[in-house]
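Here's work-v7.pdb, which has PDB, C-alpha atoms:
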```
ATOM      1  CA  MET A   1      -1.646   8.828 -17.247
ATOM      2  CA  GLU A   2      -4.609   7.546 -15.261
ATOM      3  CA  GLU A   3      -5.276   3.801 -14.904
ATOM      4  CA  GLN A   4      -8.491   2.149 -13.801
ATOM      5  CA  PRO A   5      -8.284   1.928 -10.009
ATOM      6  CA  ALA A   6      -9.457  -1.073  -8.069
ATOM      7  CA  PRO A   7     -13.053  -1.095  -6.747
ATOM      8  CA  GLU A   8     -13.488   1.078  -3.688
ATOM      9  CA  ARG A   9     -13.044  -0.679  -0.362
ATOM     10  CA  ARG A  10     -12.601   0.882   3.037
ATOM     11  CA  PRO A  11      -9.357   0.038   4.860
ATOM     12  CA  SER A  12     -10.115  -2.790   7.248
ATOM     13  CA  GLY A  13      -8.590  -3.960  10.500
ATOM     14  CA  PRO A  14      -6.916  -1.899  13.176
ATOM     15  CA  ARG A  15      -5.497   1.480  12.183
ATOM     16  CA  GLY A  16      -2.206   0.635  13.765
ATOM     17  CA  PRO A  17      -0.856  -1.677  16.426
ATOM     18  CA  GLY A  18      -2.422  -1.461  19.840
ATOM     19  CA  PRO A  19      -1.554  -2.885  23.246
ATOM     20  CA  GLY A  20       0.266  -6.155  22.961
ATOM     21  CA  ALA A  21       0.477  -5.663  19.218
ATOM     22  CA  GLY A  22       2.136  -8.383  17.202
ATOM     23  CA  HIS A  23      -0.039  -8.113  14.150
ATOM     24  CA  ALA A  24       0.971  -6.614  10.843
ATOM     25  CA  ILE A  25       0.676  -2.871  10.452
ATOM     26  CA  ASP A  26      -2.348  -2.070   8.261
ATOM     27  CA  ARG A  27      -0.670  -0.876   5.064
ATOM     28  CA  ARG A  28      -3.889   0.413   3.493
ATOM     29  CA  ALA A  29      -4.710   2.495   6.564
ATOM     30  CA  GLU A  30      -1.125   3.759   6.572
ATOM     31  CA  LEU A  31      -1.432   4.828   2.927
ATOM     32  CA  SER A  32      -4.703   6.614   3.595
ATOM     33  CA  GLU A  33      -3.456   8.455   6.664
ATOM     34  CA  PHE A  34      -0.144   9.387   5.073
ATOM     35  CA  LEU A  35      -1.816  10.991   2.058
ATOM     36  CA  ARG A  36      -4.303  12.825   4.265
ATOM     37  CA  SER A  37      -1.529  14.160   6.506
ATOM     38  CA  ARG A  38       0.554  15.387   3.554
ATOM     39  CA  ARG A  39      -2.448  17.050   1.943
ATOM     40  CA  ALA A  40      -3.437  18.738   5.214
ATOM     41  CA  ARG A  41      -0.074  20.450   5.608
ATOM     42  CA  LEU A  42      -0.334  22.309   2.259
ATOM     43  CA  LYS A  43      -2.085  25.635   1.916
ATOM     44  CA  PRO A  44      -3.594  26.775  -1.405
ATOM     45  CA  GLU A  45      -1.076  29.596  -1.691
ATOM     46  CA  ASP A  46       1.738  27.041  -1.366
ATOM     47  CA  VAL A  47       0.770  25.586  -4.739
ATOM     48  CA  GLY A  48      -0.434  28.719  -6.507
ATOM     49  CA  LEU A  49      -4.170  28.299  -5.861
ATOM     50  CA  PRO A  50      -6.525  31.023  -4.601
ATOM     51  CA  ASP A  51      -7.399  30.897  -0.911
ATOM     52  CA  PHE A  52     -11.022  31.620  -0.101
ATOM     53  CA  GLY A  53     -10.289  31.792   3.622
ATOM     54  CA  ARG A  54     -13.377  31.336   5.785
ATOM     55  CA  HIS A  55     -15.121  29.286   3.115
ATOM     56  CA  ARG A  56     -12.669  26.389   3.553
ATOM     57  CA  ARG A  57     -13.941  23.587   5.777
ATOM     58  CA  VAL A  58     -10.848  21.379   5.813
ATOM     59  CA  PRO A  59      -7.214  22.089   6.711
ATOM     60  CA  GLY A  60      -4.874  22.165   3.777
ATOM     61  CA  LEU A  61      -5.828  21.319   0.211
ATOM     62  CA  ARG A  62      -9.111  19.769  -0.802
ATOM     63  CA  ARG A  63      -9.047  16.447  -2.615
ATOM     64  CA  GLU A  64     -10.348  18.156  -5.762
ATOM     65  CA  GLU A  65      -7.490  20.639  -5.680
ATOM     66  CA  LEU A  66      -4.869  17.943  -5.175
ATOM     67  CA  ALA A  67      -6.356  15.821  -7.967
ATOM     68  CA  GLN A  68      -6.289  18.820 -10.312
ATOM     69  CA  LEU A  69      -2.626  19.504  -9.521
ATOM     70  CA  ALA A  70      -1.713  15.840 -10.074
ATOM     71  CA  GLY A  71      -3.698  15.523 -13.313
ATOM     72  CA  VAL A  72      -6.004  12.726 -12.136
ATOM     73  CA  SER A  73      -9.732  12.543 -11.555
ATOM     74  CA  VAL A  74     -11.154  13.317  -8.137
ATOM     75  CA  ALA A  75     -12.711   9.842  -7.944
ATOM     76  CA  TYR A  76      -9.363   8.237  -8.737
ATOM     77  CA  TYR A  77      -7.463  10.210  -6.117
ATOM     78  CA  THR A  78     -10.225   9.633  -3.556
ATOM     79  CA  ARG A  79      -9.945   5.866  -3.972
ATOM     80  CA  LEU A  80      -6.168   6.085  -3.630
ATOM     81  CA  GLU A  81      -6.500   8.141  -0.459
ATOM     82  CA  GLN A  82      -8.857   5.512   0.890
ATOM     83  CA  GLY A  83      -6.032   3.007   0.650
ATOM     84  CA  ASN A  84      -6.693   1.448  -2.752
ATOM     85  CA  GLY A  85      -3.371   1.681  -4.559
ATOM     86  CA  GLN A  86      -3.152  -1.725  -6.218
ATOM     87  CA  ASN A  87      -3.294  -0.518  -9.812
ATOM     88  CA  VAL A  88      -1.574   2.829  -9.489
ATOM     89  CA  SER A  89       1.448   3.391 -11.730
ATOM     90  CA  GLY A  90       4.777   4.914 -10.846
ATOM     91  CA  GLU A  91       3.957   7.827 -13.162
ATOM     92  CA  VAL A  92       0.769   8.653 -11.265
ATOM     93  CA  LEU A  93       2.503   8.291  -7.905
ATOM     94  CA  GLY A  94       5.195  10.644  -9.123
ATOM     95  CA  ALA A  95       2.595  13.227 -10.166
ATOM     96  CA  ILE A  96       0.862  12.969  -6.790
ATOM     97  CA  ALA A  97       4.189  13.209  -4.972
ATOM     98  CA  SER A  98       5.019  16.333  -6.946
ATOM     99  CA  ALA A  99       1.634  17.887  -6.203
ATOM    100  CA  LEU A 100       2.082  17.140  -2.496
ATOM    101  CA  ARG A 101       5.619  18.578  -2.527
ATOM    102  CA  LEU A 102       7.002  15.339  -1.059
ATOM    103  CA  THR A 103      10.654  14.932  -0.207
ATOM    104  CA  ASP A 104      12.608  12.033  -1.704
ATOM    105  CA  ALA A 105      12.136  10.062   1.507
ATOM    106  CA  GLU A 106       8.403  10.771   1.533
ATOM    107  CA  GLN A 107       8.024   9.755  -2.107
ATOM    108  CA  ALA A 108       9.855   6.488  -1.425
ATOM    109  CA  HIS A 109       7.555   5.883   1.550
ATOM    110  CA  LEU A 110       4.481   6.547  -0.598
ATOM    111  CA  THR A 111       5.708   4.048  -3.188
ATOM    112  CA  HIS A 112       6.350   1.379  -0.543
ATOM    113  CA  LEU A 113       2.819   1.816   0.792
ATOM    114  CA  ALA A 114       1.021   1.972  -2.565
ATOM    115  CA  LYS A 115       2.988  -0.720  -4.428
ATOM    116  CA  PRO A 116       4.233  -3.135  -1.737
ATOM    117  CA  LYS A 117       4.611  -6.166  -4.004
ATOM    118  CA  GLN A 118       7.468  -4.504  -5.852
ATOM    119  CA  HIS A 119       9.356  -3.458  -2.726
ATOM    120  CA  ARG A 120       8.444  -5.617   0.251
ATOM    121  CA  LYS A 121      10.636  -8.529   1.195
ATOM    122  CA  LYS A 122       9.371 -11.540   3.069
ATOM    123  CA  PRO A 123       9.333 -10.568   6.734
ATOM    124  CA  SER A 124      12.033 -12.170   8.829
ATOM    125  CA  VAL A 125      12.265 -12.524  12.595
ATOM    126  CA  ARG A 126      15.834 -13.818  12.571
ATOM    127  CA  GLN A 127      18.383 -11.911  14.589
ATOM    128  CA  GLN A 128      20.380  -9.414  12.546
ATOM    129  CA  ARG A 129      24.097 -10.186  12.449
ATOM    130  CA  VAL A 130      27.031  -7.859  11.899
ATOM    131  CA  ARG A 131      29.989  -9.198   9.932
ATOM    132  CA  GLY A 132      33.052  -9.883  12.039
ATOM    133  CA  ALA A 133      35.229  -7.754   9.769
ATOM    134  CA  LEU A 134      32.948  -4.783  10.343
ATOM    135  CA  CYS A 135      33.138  -5.260  14.113
ATOM    136  CA  ARG A 136      36.932  -5.306  13.903
ATOM    137  CA  LEU A 137      36.830  -2.121  11.816
ATOM    138  CA  LEU A 138      34.806  -0.392  14.541
ATOM    139  CA  ASP A 139      37.416  -1.448  17.101
ATOM    140  CA  THR A 140      40.197   0.204  15.094
ATOM    141  CA  MET A 141      38.408   3.587  15.060
ATOM    142  CA  ASP A 142      40.257   5.081  18.044
ATOM    143  CA  GLY A 143      38.720   8.296  19.264
ATOM    144  CA  VAL A 144      35.698   7.953  16.951
ATOM    145  CA  PRO A 145      32.394   6.891  18.543
ATOM    146  CA  ALA A 146      30.755   4.546  16.044
ATOM    147  CA  TYR A 147      28.045   1.917  16.031
ATOM    148  CA  VAL A 148      25.947  -0.169  13.638
ATOM    149  CA  VAL A 149      22.171   0.308  13.643
ATOM    150  CA  GLY A 150      19.792  -2.067  11.923
ATOM    151  CA  ARG A 151      16.087  -2.661  11.415
ATOM    152  CA  ARG A 152      13.651  -1.264  13.985
ATOM    153  CA  SER A 153      16.401   1.109  15.265
ATOM    154  CA  GLU A 154      18.229  -1.826  16.866
ATOM    155  CA  ILE A 155      21.815  -1.205  18.019
ATOM    156  CA  LEU A 156      23.778  -4.162  16.652
ATOM    157  CA  ALA A 157      27.456  -3.373  17.311
ATOM    158  CA  TRP A 158      29.564  -0.542  18.723
ATOM    159  CA  ASN A 159      33.105   0.366  19.662
ATOM    160  CA  ARG A 160      34.650   1.428  22.970
ATOM    161  CA  MET A 161      34.274   5.141  22.238
ATOM    162  CA  ALA A 162      30.560   4.765  21.498
ATOM    163  CA  ALA A 163      30.146   3.064  24.874
ATOM    164  CA  ALA A 164      32.084   5.881  26.565
ATOM    165  CA  VAL A 165      29.843   8.531  24.965
ATOM    166  CA  PHE A 166      26.422   6.872  24.915
ATOM    167  CA  GLY A 167      26.669   4.251  27.671
ATOM    168  CA  ASP A 168      27.773   0.633  27.789
ATOM    169  CA  TRP A 169      25.042  -1.147  25.884
ATOM    170  CA  SER A 170      26.612  -4.512  26.713
ATOM    171  CA  GLN A 171      25.085  -4.099  30.175
ATOM    172  CA  LEU A 172      21.582  -4.085  28.677
ATOM    173  CA  PRO A 173      19.541  -7.131  27.610
ATOM    174  CA  PRO A 174      19.649  -7.516  23.793
ATOM    175  CA  GLN A 175      15.994  -6.491  23.400
ATOM    176  CA  GLU A 176      16.724  -3.195  25.170
ATOM    177  CA  ARG A 177      19.543  -2.254  22.772
ATOM    178  CA  ASN A 178      17.141  -0.251  20.680
ATOM    179  CA  TRP A 179      17.251   3.501  20.055
ATOM    180  CA  ALA A 180      13.487   3.894  20.131
ATOM    181  CA  ARG A 181      13.148   2.165  23.492
ATOM    182  CA  LEU A 182      16.093   4.067  24.949
ATOM    183  CA  VAL A 183      14.951   7.482  23.747
ATOM    184  CA  PHE A 184      11.299   7.141  24.759
ATOM    185  CA  LEU A 185      11.407   4.792  27.754
ATOM    186  CA  ASN A 186      14.754   5.520  29.440
ATOM    187  CA  PRO A 187      14.765   8.866  31.323
ATOM    188  CA  ASP A 188      18.586   8.951  31.276
ATOM    189  CA  TYR A 189      18.575   9.530  27.518
ATOM    190  CA  GLN A 190      16.296  12.539  27.904
ATOM    191  CA  ALA A 191      19.064  14.033  30.043
ATOM    192  CA  LEU A 192      21.801  12.956  27.627
ATOM    193  CA  TYR A 193      20.350  14.668  24.534
ATOM    194  CA  VAL A 194      20.232  18.455  24.723
ATOM    195  CA  ASP A 195      17.835  18.466  21.742
ATOM    196  CA  TRP A 196      15.858  15.437  22.872
ATOM    197  CA  ASP A 197      12.739  16.509  20.958
ATOM    198  CA  GLN A 198      14.667  16.424  17.674
ATOM    199  CA  LYS A 199      16.229  13.051  18.469
ATOM    200  CA  ALA A 200      12.792  11.644  19.299
ATOM    201  CA  SER A 201      11.320  13.012  16.071
ATOM    202  CA  ASP A 202      14.176  11.528  14.031
ATOM    203  CA  ILE A 203      13.737   8.086  15.594
ATOM    204  CA  VAL A 204       9.999   8.020  14.837
ATOM    205  CA  SER A 205      10.628   9.159  11.268
ATOM    206  CA  TYR A 206      13.101   6.310  10.757
ATOM    207  CA  LEU A 207      10.617   3.796  12.177
ATOM    208  CA  ARG A 208       7.945   5.125   9.805
ATOM    209  CA  MET A 209      10.237   4.452   6.841
ATOM    210  CA  ASP A 210      10.882   0.949   8.178
ATOM    211  CA  ALA A 211       7.157   0.318   8.615
ATOM    212  CA  GLY A 212       6.493   1.375   5.029
ATOM    213  CA  CYS A 213       9.063  -1.121   3.744
ATOM    214  CA  HIS A 214       8.134  -3.936   6.154
ATOM    215  CA  PRO A 215       4.481  -3.594   7.264
ATOM    216  CA  ASP A 216       4.315  -7.349   7.970
ATOM    217  CA  ASP A 217       7.211  -7.347  10.447
ATOM    218  CA  PRO A 218       5.674  -8.573  13.747
ATOM    219  CA  ARG A 219       8.600  -7.354  15.851
ATOM    220  CA  LEU A 220       8.328  -3.857  14.430
ATOM    221  CA  SER A 221       4.578  -3.845  14.997
ATOM    222  CA  ALA A 222       5.096  -5.032  18.571
ATOM    223  CA  LEU A 223       7.675  -2.284  19.166
ATOM    224  CA  VAL A 224       5.324   0.409  17.846
ATOM    225  CA  GLY A 225       2.510  -1.010  19.958
ATOM    226  CA  GLU A 226       4.627  -1.028  23.110
ATOM    227  CA  LEU A 227       5.854   2.531  22.595
ATOM    228  CA  SER A 228       2.339   3.742  21.768
ATOM    229  CA  VAL A 229       1.098   2.378  25.083
ATOM    230  CA  LYS A 230       3.991   3.599  27.210
ATOM    231  CA  SER A 231       4.829   6.995  25.695
ATOM    232  CA  GLU A 232       2.391   9.801  24.978
ATOM    233  CA  GLU A 233       5.105  11.677  23.072
ATOM    234  CA  PHE A 234       5.680   8.665  20.812
ATOM    235  CA  ARG A 235       1.954   8.469  20.059
ATOM    236  CA  ARG A 236       1.918  12.144  19.131
ATOM    237  CA  LEU A 237       4.922  11.885  16.828
ATOM    238  CA  TRP A 238       3.741   8.619  15.246
ATOM    239  CA  ALA A 239       0.419  10.240  14.345
ATOM    240  CA  ARG A 240       2.249  12.918  12.314
ATOM    241  CA  HIS A 241       3.326  10.344   9.681
ATOM    242  CA  ASP A 242       6.667  12.083   9.127
ATOM    243  CA  VAL A 243       9.342  10.029   7.390
ATOM    244  CA  LYS A 244      13.079  10.557   7.137
ATOM    245  CA  GLU A 245      16.144   8.642   6.023
ATOM    246  CA  LYS A 246      19.303   8.411   8.100
ATOM    247  CA  SER A 247      21.894  10.881   6.864
ATOM    248  CA  HIS A 248      24.111  13.364   8.678
ATOM    249  CA  GLY A 249      23.915  16.227  11.114
ATOM    250  CA  VAL A 250      24.997  17.447  14.537
ATOM    251  CA  LYS A 251      24.009  16.127  17.956
ATOM    252  CA  ARG A 252      24.479  18.026  21.191
ATOM    253  CA  LEU A 253      24.947  15.928  24.298
ATOM    254  CA  HIS A 254      25.271  16.590  28.003
ATOM    255  CA  HIS A 255      27.782  13.931  29.050
ATOM    256  CA  PRO A 256      27.913  13.118  32.789
ATOM    257  CA  LEU A 257      31.735  13.088  32.857
ATOM    258  CA  VAL A 258      32.919  15.696  30.354
ATOM    259  CA  GLY A 259      29.918  18.014  30.075
ATOM    260  CA  GLU A 260      28.640  19.481  26.818
ATOM    261  CA  LEU A 261      29.541  17.757  23.551
ATOM    262  CA  SER A 262      28.752  18.940  20.033
ATOM    263  CA  LEU A 263      29.374  16.059  17.640
ATOM    264  CA  SER A 264      28.816  15.839  13.902
ATOM    265  CA  PHE A 265      27.683  12.463  12.598
ATOM    266  CA  GLU A 266      27.712  10.692   9.252
ATOM    267  CA  THR A 267      25.613   7.661   8.346
ATOM    268  CA  PHE A 268      26.901   5.052   5.891
ATOM    269  CA  THR A 269      24.522   2.378   4.623
ATOM    270  CA  LEU A 270      26.311  -0.907   3.974
ATOM    271  CA  PRO A 271      26.509  -1.644   0.237
ATOM    272  CA  ASP A 272      25.750  -5.336   0.763
ATOM    273  CA  ASP A 273      23.007  -4.833   3.377
ATOM    274  CA  ALA A 274      20.785  -1.770   3.060
ATOM    275  CA  GLU A 275      19.181  -2.605   6.405
ATOM    276  CA  GLN A 276      22.381  -1.901   8.349
ATOM    277  CA  SER A 277      24.150   1.445   8.683
ATOM    278  CA  VAL A 278      27.339   2.606  10.359
ATOM    279  CA  VAL A 279      26.961   5.875  12.287
ATOM    280  CA  ALA A 280      30.223   7.645  13.182
ATOM    281  CA  TYR A 281      30.676  10.823  15.228
ATOM    282  CA  HIS A 282      33.443  13.409  15.231
ATOM    283  CA  ALA A 283      34.149  16.830  16.732
ATOM    284  CA  GLU A 284      35.509  19.971  15.128
ATOM    285  CA  PRO A 285      39.330  20.019  15.349
ATOM    286  CA  ASP A 286      40.724  21.941  18.329
ATOM    287  CA  SER A 287      37.254  22.388  19.801
ATOM    288  CA  ALA A 288      36.207  21.778  23.404
ATOM    289  CA  SER A 289      34.284  18.716  22.199
ATOM    290  CA  ALA A 290      37.389  17.318  20.490
ATOM    291  CA  GLU A 291      39.336  17.736  23.726
ATOM    292  CA  ALA A 292      36.530  16.024  25.646
ATOM    293  CA  LEU A 293      36.640  13.045  23.260
ATOM    294  CA  ARG A 294      40.414  12.810  23.704
ATOM    295  CA  LEU A 295      39.887  12.823  27.454
ATOM    296  CA  LEU A 296      37.326  10.014  27.229
ATOM    297  CA  ALA A 297      39.669   8.030  24.973
ATOM    298  CA  SER A 298      42.575   8.435  27.399
ATOM    299  CA  TRP A 299      40.469   7.066  30.241
ATOM    300  CA  GLY A 300      39.902   3.890  28.250
ATOM    301  CA  THR A 301      37.802   1.240  29.947
ATOM    302  CA  ASP A 302      37.523   3.425  33.058
ATOM    303  CA  ALA A 303      35.552   6.004  31.051
ATOM    304  CA  THR A 304      33.313   3.292  29.635
ATOM    305  CA  ARG A 305      32.681   1.860  33.073
ATOM    306  CA  ALA A 306      32.079   5.259  34.657
ATOM    307  CA  GLY A 307      29.957   6.485  31.772
ATOM    308  CA  SER A 308      27.702   3.431  31.891
ATOM    309  CA  SER A 309      26.937   3.906  35.588
ATOM    310  CA  ALA A 310      26.853   7.682  35.878
ATOM    311  CA  PRO A 311      23.547   9.581  35.817
ATOM    312  CA  GLY A 312      22.559  10.705  32.355
ATOM    313  CA  VAL A 313      23.737   7.636  30.452
ATOM    314  CA  GLY A 314      21.542   4.550  30.096
TER     315      GLY A 314
END
```
This structure in structure tokens:
Amino acid sequence: MEEQPAPERRPSGPRGPGPGAGHAIDRRAELSEFLRSRRARLKPEDVGLPDFGRHRRVPGLRREELAQLAGVSVAYYTRLEQGNGQNVSGEVLGAIASALRLTDAEQAHLTHLAKPKQHRKKPSVRQQRVRGALCRLLDTMDGVPAYVVGRRSEILAWNRMAAAVFGDWSQLPPQERNWARLVFLNPDYQALYVDWDQKASDIVSYLRMDAGCHPDDPRLSALVGELSVKSEEFRRLWARHDVKEKSHGVKRLHHPLVGELSLSFETFTLPDDAEQSVVAYHAEPDSASAEALRLLASWGTDATRAGSSAPGVG
């Protein structure tokens, strides 16, 4: 199960983008820090090992304990945790993921970091485009706030109801139509989201997944660098190395015109472009939130115009 790892080398270069960052994210440093953070969150009792309490000098599992659980040598795991994953097999990564109790998203992230040649596409700085037919589909979704999100949490397209609920993004410069920038740098969105902390955590987790797949993307690196400089909360969340895939859930909003909204959302990844997803929101039938959406829909462009200029919507 254990292959011969590459000679030990310390991860070089910056440990992440800094001010004015446009350089590639250091994949080897990312791999090292991700493994350390996942190991630190496990306690011996979580994996059936004895806990000797005060005799432990490190948080979480020791490297020797993790290596034993994964069925690899301590030297092998140590080199992997130092960022040397060139020769690691999928079988070994799976054993380590199992020992670390990784989620599916975390295991995918680990694989992207350890074996980038099999997963990384050539980085592209071209503008993402949404198919015209998809834009027309969004327009037909009356009463359903929906938008398309792409790489780097960029907002690519949206319908009238999304503008009425979240703000008229057409009034923003294209580079500002980005969930990460809005959530961390626009105070209005802190007022819009009742559970802002959860929204912020989700955004950072999505960016982490993106960084694992595209560590050489200069625009992503620049975005992370900008947010790291301008937002202490972003820096804190980024350092946690949490990863998550877009899925479904419930968001609670405080809308400036109709008050509290509780909206369920579903995320649909496009079958012909895994880097674009449609996110659609809906309210429980006959609920106060459903009535509020109907009210926003009946106001039409007036609601969009008012919502985009009222306090609480960026």
Take the PyMOL selection byres ((chain A and resi 107) around 12), apply it to the structure above, and return the hits as a PyMOL selection string.
chain A and resi 31+34-35+38+90-106+108-115+209+212+242-245
CA of Val148 (chain A) and CA of Ser262 (chain A), how far apart in Å?
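Between CA of Ser262 (chain A) and CA of Val148 (chain A) the gap is 20.3 Å.
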Let me know the residues the PyMOL selection byres ((chain A and resi 135) around 10) catches in the file above, as a PyMOL selection string.
chain A and resi 130-134+136-140+147-148+156-159
Pick out the closest residue to Ala211 (chain A) from this set: A:Val88, A:Leu223, A:Ala191, A:Ala297. Count only C-alpha atoms.
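Closest candidate: A:Leu223.
A straight line drawn from CA of Arg219 (chain A) to CA of Arg28 (chain A) is 19.2 Å long.
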Determine the residue set returned by the PyMOL selection byres ((chain A and resi 253-256) around 6) for the present structure, and present it as a list in words.
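Matching residues under the PyMOL selection byres ((chain A and resi 253-256) around 6) are Leu192, Tyr193, Val194, Arg252, Leu257, Val258, Gly259, Glu260, Leu261 and Gly312 of chain A.
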What is the distance, in Å and to one decimal place, between CA of Trp238 (chain A) and CA of Glu176 (chain A)?
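Here the two named atoms are 20.2 Å from each other.
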Need the shell around Ala280 (chain A): protein/DNA/RNA residues with any atom at most 8 Å away, counting only C-alpha atoms. Skip same-chain ones fewer than 3 positions apart. Format as a compact mmCIF listing (two decimals) with C-alpha atoms, in the coordinates of the input?
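The result, stored in around19.txt:
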```txt
# COMPACT_ATOMS: atom_id res chain seq x y z
CA VAL A 144 35.70 7.95 16.95
CA PRO A 145 32.39 6.89 18.54
CA ALA A 146 30.76 4.55 16.04
CA TYR A 147 28.04 1.92 16.03
CA PHE A 265 27.68 12.46 12.60
CA GLU A 266 27.71 10.69 9.25
CA THR A 267 25.61 7.66 8.35
```
Region 145-159 of chain A, all listed atoms, 5 Å padding on each side: what axis-aligned box centre and edge lengths in Å to one decimal come out, as lines of an AutoDock Vina configuration file?
```
center_x = 23.4
center_y = 1.4
center_z = 15.5
size_x = 29.5
size_y = 21.1
size_z = 18.2
```
Find, counting all atoms listed in the file, the residue in A:Ser289, A:Asn178, A:Ser89, A:Ser37 that gets nearest to Ser153 (chain A).
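Ranking A:Ser289, A:Asn178, A:Ser89, A:Ser37 by distance to Ser153 (chain A), first place goes to A:Asn178.
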Give me, as a list in words, all polymer residues having an atom no more than 10 Å from Glu284 (chain A), counting all atoms listed in the file and skipping those fewer than 3 positions away in the same chain.
Ser262, Leu263, Ser264, Ser287, Ala288, Ser289, Ala290 and Glu291 of chain A
Find the residue from A:Lys246, A:Arg235, A:Arg240, A:Arg152 that sits nearest to Ala222 (chain A); use all atoms listed in the file when measuring.
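The closest residue to Ala222 (chain A) is A:Arg152.
If only C-alpha atoms are the atoms counted, then among A:Leu172, A:Leu227, A:Val149, A:Leu220 the closest residue to Phe184 (chain A) is A:Leu227.
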Given the choices A:Glu81, A:Asp188, A:Asp26, A:Glu45, which gets closest to Asp216 (chain A) if the distance is worked out from all atoms listed in the file?
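Ranking A:Glu81, A:Asp188, A:Asp26, A:Glu45 by distance to Asp216 (chain A), first place goes to A:Asp26.
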What residues have an atom no more than 12 Å from (2.9, 3.3, 22.8) in the file's own frame, counting only C-alpha atoms, and can you write them as number ranges by chain?
A: 16-21, 180-181, 184-185, 204, 221-239
Which is closer to Val278 (chain A) than all the others in A:Gly150, A:Ala164, A:Val250, A:Arg63, using only C-alpha atoms?
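Ranking A:Gly150, A:Ala164, A:Val250, A:Arg63 by distance to Val278 (chain A), first place goes to A:Gly150.
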Taking N, CA and C atoms as the atom set, what does region 146-157 of chain A look like once completed, written as a CSV table (one decimal), keeping the file's coordinate frame?
```csv
chain,number,residue,atom,x,y,z
A,146,ALA,N,31.4,5.1,17.2
A,146,ALA,CA,30.8,4.5,16.0
A,146,ALA,C,30.0,3.3,16.4
A,147,TYR,N,28.9,3.1,15.8
A,147,TYR,CA,28.0,1.9,16.0
A,147,TYR,C,27.3,1.5,14.8
A,148,VAL,N,26.7,0.3,14.8
A,148,VAL,CA,25.9,-0.2,13.6
A,148,VAL,C,24.5,-0.2,14.1
A,149,VAL,N,23.6,0.4,13.3
A,149,VAL,CA,22.2,0.3,13.6
A,149,VAL,C,21.5,-0.4,12.5
A,150,GLY,N,20.5,-1.2,12.9
A,150,GLY,CA,19.8,-2.1,11.9
A,150,GLY,C,18.3,-1.8,11.9
A,151,ARG,N,17.5,-2.8,11.5
A,151,ARG,CA,16.1,-2.7,11.4
A,151,ARG,C,15.5,-2.3,12.8
A,152,ARG,N,14.4,-1.6,12.8
A,152,ARG,CA,13.7,-1.3,14.0
A,152,ARG,C,14.5,-0.4,15.0
A,153,SER,N,15.5,0.3,14.5
A,153,SER,CA,16.4,1.1,15.3
A,153,SER,C,17.2,0.3,16.3
A,154,GLU,N,17.5,-1.0,16.0
A,154,GLU,CA,18.2,-1.8,16.9
A,154,GLU,C,19.7,-1.5,16.8
A,155,ILE,N,20.4,-1.4,17.9
A,155,ILE,CA,21.8,-1.2,18.0
A,155,ILE,C,22.5,-2.6,18.0
A,156,LEU,N,23.3,-2.8,16.9
A,156,LEU,CA,23.8,-4.2,16.7
A,156,LEU,C,25.2,-4.3,17.1
A,157,ALA,N,26.0,-3.3,17.0
A,157,ALA,CA,27.5,-3.4,17.3
A,157,ALA,C,28.0,-2.0,17.6
```
